[in-house]
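Chemist: Got structure.txt for you, compact mmCIF, N, CA and C atoms and all ligand atoms:
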```
# COMPACT_ATOMS: atom_id res chain seq x y z
N MET K 1 24.48 -42.22 -55.15
CA MET K 1 23.07 -42.41 -54.77
C MET K 1 22.96 -42.75 -53.28
N MET K 2 23.79 -43.71 -52.89
CA MET K 2 23.83 -44.14 -51.49
C MET K 2 24.29 -42.98 -50.59
N ARG K 3 25.32 -42.34 -51.03
CA ARG K 3 25.90 -41.25 -50.26
C ARG K 3 24.89 -40.10 -50.07
N ARG K 4 24.17 -39.84 -51.11
CA ARG K 4 23.22 -38.74 -51.08
C ARG K 4 22.10 -38.99 -50.02
N SER K 5 21.60 -40.23 -49.97
CA SER K 5 20.52 -40.52 -49.01
C SER K 5 21.02 -40.46 -47.57
N VAL K 6 22.30 -40.81 -47.35
CA VAL K 6 22.86 -40.74 -46.00
C VAL K 6 22.91 -39.26 -45.55
N SER K 7 23.41 -38.42 -46.42
CA SER K 7 23.54 -37.02 -46.01
C SER K 7 22.16 -36.39 -45.78
N LYS K 8 21.18 -36.88 -46.51
CA LYS K 8 19.82 -36.39 -46.32
C LYS K 8 19.31 -36.77 -44.92
N ALA K 9 19.64 -38.01 -44.52
CA ALA K 9 19.24 -38.48 -43.20
C ALA K 9 19.90 -37.65 -42.11
N VAL K 10 21.19 -37.35 -42.30
CA VAL K 10 21.93 -36.53 -41.32
C VAL K 10 21.27 -35.16 -41.21
N LEU K 11 20.93 -34.61 -42.36
CA LEU K 11 20.30 -33.29 -42.39
C LEU K 11 18.96 -33.31 -41.63
N THR K 12 18.16 -34.37 -41.88
CA THR K 12 16.85 -34.49 -41.24
C THR K 12 16.99 -34.59 -39.72
N VAL K 13 17.94 -35.43 -39.28
CA VAL K 13 18.16 -35.60 -37.84
C VAL K 13 18.61 -34.28 -37.23
N GLY K 14 19.54 -33.62 -37.93
CA GLY K 14 20.05 -32.34 -37.44
C GLY K 14 18.94 -31.31 -37.30
N LEU K 15 18.07 -31.26 -38.26
CA LEU K 15 16.95 -30.33 -38.25
C LEU K 15 16.00 -30.63 -37.09
N ALA K 16 15.74 -31.94 -36.88
CA ALA K 16 14.86 -32.35 -35.78
C ALA K 16 15.44 -31.91 -34.44
N PHE K 17 16.75 -32.07 -34.27
CA PHE K 17 17.39 -31.64 -33.02
C PHE K 17 17.30 -30.13 -32.85
N GLY K 18 17.50 -29.44 -33.95
CA GLY K 18 17.44 -27.98 -33.92
C GLY K 18 16.07 -27.50 -33.47
N ILE K 19 15.03 -28.07 -34.02
CA ILE K 19 13.66 -27.67 -33.66
C ILE K 19 13.38 -28.04 -32.20
N GLY K 20 13.86 -29.23 -31.83
CA GLY K 20 13.68 -29.68 -30.44
C GLY K 20 14.32 -28.70 -29.46
N ALA K 21 15.53 -28.26 -29.78
CA ALA K 21 16.25 -27.32 -28.90
C ALA K 21 15.51 -26.00 -28.81
N LEU K 22 14.97 -25.55 -29.94
CA LEU K 22 14.23 -24.30 -29.98
C LEU K 22 12.98 -24.40 -29.09
N GLY K 23 12.29 -25.53 -29.21
CA GLY K 23 11.09 -25.75 -28.39
C GLY K 23 11.44 -25.75 -26.91
N ALA K 24 12.54 -26.42 -26.56
CA ALA K 24 12.96 -26.49 -25.15
C ALA K 24 13.29 -25.10 -24.64
N ARG K 25 13.88 -24.28 -25.50
CA ARG K 25 14.24 -22.93 -25.10
C ARG K 25 12.98 -22.09 -24.81
N GLN K 26 11.97 -22.26 -25.65
CA GLN K 26 10.72 -21.53 -25.43
C GLN K 26 10.05 -21.99 -24.13
N ASP K 27 10.09 -23.29 -23.87
CA ASP K 27 9.53 -23.83 -22.62
C ASP K 27 10.25 -23.22 -21.42
N TYR K 28 11.55 -23.10 -21.55
CA TYR K 28 12.37 -22.56 -20.46
C TYR K 28 11.94 -21.13 -20.14
N PHE K 29 11.77 -20.33 -21.19
CA PHE K 29 11.37 -18.94 -20.96
C PHE K 29 9.95 -18.85 -20.38
N ALA K 30 9.06 -19.70 -20.89
CA ALA K 30 7.68 -19.71 -20.39
C ALA K 30 7.66 -20.08 -18.91
N ALA K 31 8.42 -21.12 -18.55
CA ALA K 31 8.46 -21.57 -17.16
C ALA K 31 9.04 -20.49 -16.27
N ASN K 32 10.08 -19.83 -16.77
CA ASN K 32 10.72 -18.76 -16.01
C ASN K 32 9.76 -17.62 -15.73
N ALA K 33 8.96 -17.27 -16.73
CA ALA K 33 8.01 -16.18 -16.58
C ALA K 33 6.97 -16.53 -15.52
N GLN K 34 6.55 -17.79 -15.49
CA GLN K 34 5.52 -18.21 -14.54
C GLN K 34 6.08 -18.33 -13.13
N GLN K 35 7.34 -18.72 -13.01
CA GLN K 35 7.92 -18.95 -11.69
C GLN K 35 8.33 -17.66 -11.00
N LYS K 36 8.26 -16.55 -11.72
CA LYS K 36 8.71 -15.31 -11.12
C LYS K 36 7.51 -14.38 -10.94
N PRO K 37 6.72 -14.58 -9.88
CA PRO K 37 5.55 -13.74 -9.70
C PRO K 37 5.97 -12.32 -9.35
N GLU K 38 5.18 -11.39 -9.82
CA GLU K 38 5.44 -10.00 -9.53
C GLU K 38 5.10 -9.71 -8.07
N ILE K 39 5.93 -8.97 -7.43
CA ILE K 39 5.64 -8.55 -6.05
C ILE K 39 5.74 -7.03 -6.01
N THR K 40 4.71 -6.42 -5.50
CA THR K 40 4.67 -4.97 -5.47
C THR K 40 4.33 -4.52 -4.07
N GLU K 41 4.97 -3.46 -3.65
CA GLU K 41 4.77 -2.98 -2.29
C GLU K 41 4.05 -1.63 -2.25
N ILE K 42 3.13 -1.52 -1.32
CA ILE K 42 2.46 -0.25 -1.06
C ILE K 42 2.81 0.14 0.38
N LYS K 43 3.22 1.37 0.55
CA LYS K 43 3.58 1.83 1.89
C LYS K 43 2.44 2.63 2.49
N ILE K 44 2.23 2.40 3.76
CA ILE K 44 1.25 3.19 4.49
C ILE K 44 2.05 4.14 5.37
N ASP K 45 1.89 5.43 5.10
CA ASP K 45 2.67 6.41 5.86
C ASP K 45 1.90 7.73 5.92
N ASN K 46 1.99 8.38 7.06
CA ASN K 46 1.36 9.69 7.24
C ASN K 46 -0.12 9.68 6.80
N PHE K 47 -0.85 8.65 7.23
CA PHE K 47 -2.29 8.50 6.96
C PHE K 47 -2.61 8.39 5.47
N SER K 48 -1.71 7.82 4.70
CA SER K 48 -2.05 7.59 3.30
C SER K 48 -1.36 6.35 2.74
N PHE K 49 -1.99 5.80 1.69
CA PHE K 49 -1.44 4.65 0.99
C PHE K 49 -0.62 5.16 -0.20
N GLY K 50 0.57 4.65 -0.37
CA GLY K 50 1.39 5.12 -1.48
C GLY K 50 2.01 3.97 -2.26
N PRO K 51 1.78 3.91 -3.57
CA PRO K 51 0.95 4.82 -4.35
C PRO K 51 -0.55 4.61 -4.09
N ALA K 52 -1.33 5.69 -4.20
CA ALA K 52 -2.77 5.61 -3.94
C ALA K 52 -3.48 4.83 -5.04
N MET K 53 -2.91 4.85 -6.24
CA MET K 53 -3.48 4.05 -7.31
C MET K 53 -2.35 3.24 -7.93
N LEU K 54 -2.51 1.92 -7.88
CA LEU K 54 -1.46 1.03 -8.37
C LEU K 54 -2.04 0.09 -9.42
N THR K 55 -1.39 -0.01 -10.56
CA THR K 55 -1.84 -0.93 -11.61
C THR K 55 -0.86 -2.09 -11.70
N VAL K 56 -1.40 -3.30 -11.60
CA VAL K 56 -0.56 -4.51 -11.65
C VAL K 56 -1.18 -5.51 -12.63
N SER K 57 -0.43 -6.54 -12.98
CA SER K 57 -0.99 -7.58 -13.84
C SER K 57 -1.56 -8.71 -12.99
N VAL K 58 -2.45 -9.49 -13.59
CA VAL K 58 -3.10 -10.60 -12.89
C VAL K 58 -2.03 -11.54 -12.33
N GLY K 59 -2.21 -11.97 -11.10
CA GLY K 59 -1.26 -12.88 -10.46
C GLY K 59 -0.26 -12.18 -9.56
N THR K 60 -0.33 -10.86 -9.52
CA THR K 60 0.63 -10.09 -8.72
C THR K 60 0.26 -10.15 -7.24
N THR K 61 1.27 -10.32 -6.41
CA THR K 61 1.09 -10.23 -4.97
C THR K 61 1.45 -8.82 -4.53
N VAL K 62 0.52 -8.17 -3.88
CA VAL K 62 0.76 -6.82 -3.37
C VAL K 62 0.94 -6.92 -1.86
N THR K 63 1.99 -6.27 -1.38
CA THR K 63 2.26 -6.25 0.06
C THR K 63 2.18 -4.82 0.57
N TRP K 64 1.34 -4.64 1.57
CA TRP K 64 1.23 -3.34 2.24
C TRP K 64 2.10 -3.38 3.49
N THR K 65 2.84 -2.31 3.73
CA THR K 65 3.65 -2.22 4.94
C THR K 65 3.28 -0.94 5.68
N ASN K 66 2.99 -1.08 6.95
CA ASN K 66 2.65 0.11 7.74
C ASN K 66 3.92 0.79 8.24
N ARG K 67 4.26 1.90 7.59
CA ARG K 67 5.45 2.66 7.98
C ARG K 67 5.08 3.80 8.94
N ASP K 68 3.81 3.86 9.31
CA ASP K 68 3.34 4.90 10.21
C ASP K 68 3.56 4.46 11.65
N ASP K 69 3.55 5.43 12.56
CA ASP K 69 3.72 5.03 13.96
C ASP K 69 2.38 4.85 14.67
N ILE K 70 1.31 4.75 13.88
CA ILE K 70 0.00 4.40 14.44
C ILE K 70 -0.59 3.25 13.62
N PRO K 71 -1.49 2.48 14.22
CA PRO K 71 -2.01 1.31 13.50
C PRO K 71 -2.97 1.67 12.36
N HIS K 72 -2.95 0.84 11.33
CA HIS K 72 -3.85 0.98 10.18
C HIS K 72 -4.32 -0.41 9.75
N THR K 73 -5.36 -0.41 8.90
CA THR K 73 -5.80 -1.67 8.29
C THR K 73 -5.88 -1.47 6.78
N VAL K 74 -5.98 -2.58 6.06
CA VAL K 74 -6.16 -2.58 4.60
C VAL K 74 -7.41 -3.41 4.34
N VAL K 75 -8.51 -2.73 4.00
CA VAL K 75 -9.79 -3.41 3.85
C VAL K 75 -10.39 -3.11 2.48
N SER K 76 -10.67 -4.16 1.73
CA SER K 76 -11.29 -4.02 0.42
C SER K 76 -12.72 -3.53 0.58
N THR K 77 -13.10 -2.52 -0.19
CA THR K 77 -14.46 -1.96 -0.15
C THR K 77 -15.48 -3.03 -0.53
N ASP K 78 -15.09 -3.95 -1.42
CA ASP K 78 -16.01 -5.00 -1.89
C ASP K 78 -15.84 -6.31 -1.13
N GLY K 79 -15.10 -6.30 -0.05
CA GLY K 79 -14.94 -7.50 0.77
C GLY K 79 -14.03 -8.56 0.19
N VAL K 80 -13.15 -8.18 -0.73
CA VAL K 80 -12.26 -9.16 -1.37
C VAL K 80 -11.09 -9.55 -0.46
N PHE K 81 -10.59 -8.56 0.30
CA PHE K 81 -9.49 -8.84 1.23
C PHE K 81 -9.64 -7.94 2.46
N LYS K 82 -9.04 -8.37 3.55
CA LYS K 82 -9.14 -7.60 4.80
C LYS K 82 -7.97 -7.97 5.70
N SER K 83 -7.18 -6.98 6.06
CA SER K 83 -6.04 -7.26 6.94
C SER K 83 -6.49 -7.17 8.39
N LYS K 84 -5.64 -7.67 9.26
CA LYS K 84 -5.83 -7.40 10.69
C LYS K 84 -5.29 -6.00 10.94
N VAL K 85 -5.37 -5.53 12.16
CA VAL K 85 -4.79 -4.23 12.49
C VAL K 85 -3.27 -4.34 12.39
N LEU K 86 -2.68 -3.49 11.54
CA LEU K 86 -1.24 -3.53 11.32
C LEU K 86 -0.55 -2.49 12.19
N ASP K 87 0.31 -2.96 13.07
CA ASP K 87 1.12 -2.02 13.84
C ASP K 87 2.32 -1.59 12.99
N THR K 88 3.12 -0.72 13.53
CA THR K 88 4.28 -0.21 12.79
C THR K 88 5.15 -1.35 12.26
N ASP K 89 5.45 -1.28 10.96
CA ASP K 89 6.30 -2.24 10.25
C ASP K 89 5.65 -3.61 10.02
N GLU K 90 4.39 -3.75 10.36
CA GLU K 90 3.70 -5.01 10.04
C GLU K 90 3.22 -4.97 8.60
N LYS K 91 3.10 -6.17 8.01
CA LYS K 91 2.77 -6.29 6.59
C LYS K 91 1.50 -7.10 6.37
N PHE K 92 0.87 -6.83 5.23
CA PHE K 92 -0.28 -7.61 4.78
C PHE K 92 -0.11 -7.84 3.29
N SER K 93 -0.35 -9.08 2.84
CA SER K 93 -0.20 -9.38 1.41
C SER K 93 -1.47 -9.98 0.85
N PHE K 94 -1.72 -9.68 -0.42
CA PHE K 94 -2.86 -10.28 -1.12
C PHE K 94 -2.45 -10.49 -2.58
N THR K 95 -2.80 -11.68 -3.10
CA THR K 95 -2.50 -11.99 -4.50
C THR K 95 -3.75 -11.79 -5.34
N PHE K 96 -3.64 -10.92 -6.35
CA PHE K 96 -4.78 -10.59 -7.21
C PHE K 96 -4.82 -11.58 -8.39
N SER K 97 -5.79 -12.48 -8.36
CA SER K 97 -5.86 -13.50 -9.41
C SER K 97 -6.91 -13.18 -10.47
N LYS K 98 -7.64 -12.10 -10.27
CA LYS K 98 -8.67 -11.71 -11.27
C LYS K 98 -8.53 -10.23 -11.63
N ALA K 99 -8.75 -9.94 -12.90
CA ALA K 99 -8.69 -8.55 -13.35
C ALA K 99 -9.84 -7.75 -12.75
N GLY K 100 -9.62 -6.48 -12.53
CA GLY K 100 -10.68 -5.63 -12.00
C GLY K 100 -10.10 -4.45 -11.25
N THR K 101 -10.99 -3.63 -10.70
CA THR K 101 -10.59 -2.49 -9.89
C THR K 101 -10.95 -2.80 -8.44
N TYR K 102 -9.98 -2.64 -7.56
CA TYR K 102 -10.15 -3.02 -6.16
C TYR K 102 -9.93 -1.80 -5.26
N PRO K 103 -11.01 -1.07 -4.97
CA PRO K 103 -10.86 0.03 -4.02
C PRO K 103 -10.73 -0.52 -2.59
N TYR K 104 -9.98 0.18 -1.76
CA TYR K 104 -9.83 -0.26 -0.37
C TYR K 104 -9.62 0.96 0.52
N PHE K 105 -9.70 0.72 1.82
CA PHE K 105 -9.57 1.82 2.78
C PHE K 105 -9.02 1.29 4.09
N CYS K 106 -8.78 2.21 5.01
CA CYS K 106 -8.37 1.82 6.36
C CYS K 106 -9.61 1.91 7.24
N SER K 107 -9.97 0.82 7.89
CA SER K 107 -11.22 0.82 8.66
C SER K 107 -11.11 1.65 9.94
N ILE K 108 -9.89 1.97 10.35
CA ILE K 108 -9.71 2.82 11.53
C ILE K 108 -9.82 4.30 11.14
N HIS K 109 -9.36 4.60 9.93
CA HIS K 109 -9.41 5.98 9.39
C HIS K 109 -10.03 5.91 8.00
N PRO K 110 -11.36 5.85 7.94
CA PRO K 110 -12.03 5.58 6.64
C PRO K 110 -11.78 6.62 5.55
N LYS K 111 -11.20 7.76 5.93
CA LYS K 111 -10.85 8.74 4.89
C LYS K 111 -9.62 8.31 4.11
N MET K 112 -8.90 7.34 4.62
CA MET K 112 -7.74 6.79 3.90
C MET K 112 -8.25 5.81 2.86
N THR K 113 -8.26 6.24 1.61
CA THR K 113 -8.73 5.35 0.54
C THR K 113 -7.67 5.27 -0.56
N ALA K 114 -7.72 4.17 -1.31
CA ALA K 114 -6.79 3.96 -2.43
C ALA K 114 -7.36 2.82 -3.28
N LYS K 115 -6.69 2.51 -4.37
CA LYS K 115 -7.17 1.39 -5.15
C LYS K 115 -6.05 0.69 -5.93
N VAL K 116 -6.31 -0.58 -6.18
CA VAL K 116 -5.41 -1.39 -7.01
C VAL K 116 -6.19 -1.77 -8.27
N ILE K 117 -5.58 -1.54 -9.42
CA ILE K 117 -6.20 -1.92 -10.69
C ILE K 117 -5.42 -3.12 -11.23
N VAL K 118 -6.16 -4.21 -11.49
CA VAL K 118 -5.53 -5.44 -11.96
C VAL K 118 -5.93 -5.67 -13.42
N GLN K 119 -4.92 -5.83 -14.29
CA GLN K 119 -5.18 -5.99 -15.71
C GLN K 119 -4.72 -7.35 -16.18
CU CU X 1 -5.51 4.04 9.30
```
Give the structure from this file in structure tokens form.
Modeler:
Amino acid sequence: MMRRSVSKAVLTVGLAFGIGALGARQDYFAANAQQKPEITEIKIDNFSFGPAMLTVSVGTTVTWTNRDDIPHTVVSTDGVFKSKVLDTDEKFSFTFSKAGTYPYFCSIHPKMTAKVIVQ
């Protein structure tokens, strides 16, 4: 009788530790997912944005790099973001924290248009 209740206690403690470890493991994965923000690059080259249409998840930081030998800008059509004039190899970054469609263009060459879709 005595022996049986002791082994039951051991089993209960063991189970509690097991569940605790499982919970800690899930926390670890959740924290890891949050600490690793997505970074996506768009290249500006030959008077175009590439890719012209990019789909990313909420929280993604998008970096535009001017690979052209003439200056360009990255300007949101809806005024959400606006870069300075980017010379060759200069970069501009914006973090998309809300879902939506974000059309943008180059204010120096307004025919250069593209969009980022945030889901
Ligand atoms: Cu341009």
Chemist: Got a sec to check which residues sit within 8 Å of (2.6, -3.1, 8.6), counting only N, CA and C atoms, and write them as a ChimeraX atom specification?
Modeler: /K:44,64-68,72,85-92
Chemist: Residues of segment 60-103 of chain K that have any atom at most 5 Å from an atom of segment 113-119 of chain K: could you tabulate them with the shortest-distance atom pair and the distance in Å to one decimal, using all atoms listed in the file, ordered by chain and increasing number, as CSV?
Modeler:
```
residue,atom,partner,partner_atom,distance
K:Ala99,CA,K:Val118,C,4.0
K:Gly100,N,K:Val118,C,3.9
K:Thr101,CA,K:Ile117,CA,4.5
K:Tyr102,C,K:Val116,N,3.9
K:Pro103,CA,K:Lys115,CA,4.1
```
Chemist: Provide the atom CA of Phe49 of chain K to atom CA of Met112 of chain K distance in Å, to one decimal place.
Modeler: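 Atom CA of Met112 of chain K lies 7.3 Å from atom CA of Phe49 of chain K.
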Chemist: Which one of K:Gly59, K:Thr95, K:Gly79, K:Asn46 sits closest to ligand CU 1 (chain X) if you count only C-alpha atoms and all ligand atoms?
Modeler: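 Nearest to ligand CU 1 (chain X): K:Asn46.
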Chemist: Sorted by chain and rising residue number, list the residues of chain K at most 8 Å from ligand CU 1 (chain X) (counting all atoms listed in the file), each with its closest atom pair and distance in Å to one decimal, as a Markdown table.
Modeler:
```
| residue | atom | partner | partner_atom | distance |
| --- | --- | --- | --- | --- |
| K:Phe47 | CA | X:CU1 | CU | 6.0 |
| K:Ser48 | N | X:CU1 | CU | 7.1 |
| K:Ile70 | C | X:CU1 | CU | 6.6 |
| K:Pro71 | C | X:CU1 | CU | 4.6 |
| K:His72 | CA | X:CU1 | CU | 3.6 |
| K:Thr73 | N | X:CU1 | CU | 4.5 |
| K:Val74 | N | X:CU1 | CU | 7.4 |
| K:Phe105 | C | X:CU1 | CU | 6.9 |
| K:Cys106 | CA | X:CU1 | CU | 4.7 |
| K:Ser107 | N | X:CU1 | CU | 5.7 |
| K:Ile108 | C | X:CU1 | CU | 4.7 |
| K:His109 | N | X:CU1 | CU | 3.9 |
| K:Pro110 | N | X:CU1 | CU | 6.3 |
| K:Lys111 | N | X:CU1 | CU | 7.6 |
| K:Met112 | CA | X:CU1 | CU | 6.5 |
```
Chemist: Please indicate the distance in Å from atom C of Ser57 of chain K to atom N of Lys84 of chain K, rounded to one decimal place.
Modeler: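 Rounded to one decimal, the two atoms are 22.6 Å apart.
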Chemist: Quick one: residues within 5 Å of Phe96 of chain K, all atoms listed in the file counted, chain neighbours fewer than 3 positions away excluded, as a list in words?
Modeler: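 Here the qualifying residues turn out to be Val58, Gly59, Thr60 and Thr61 of chain K.
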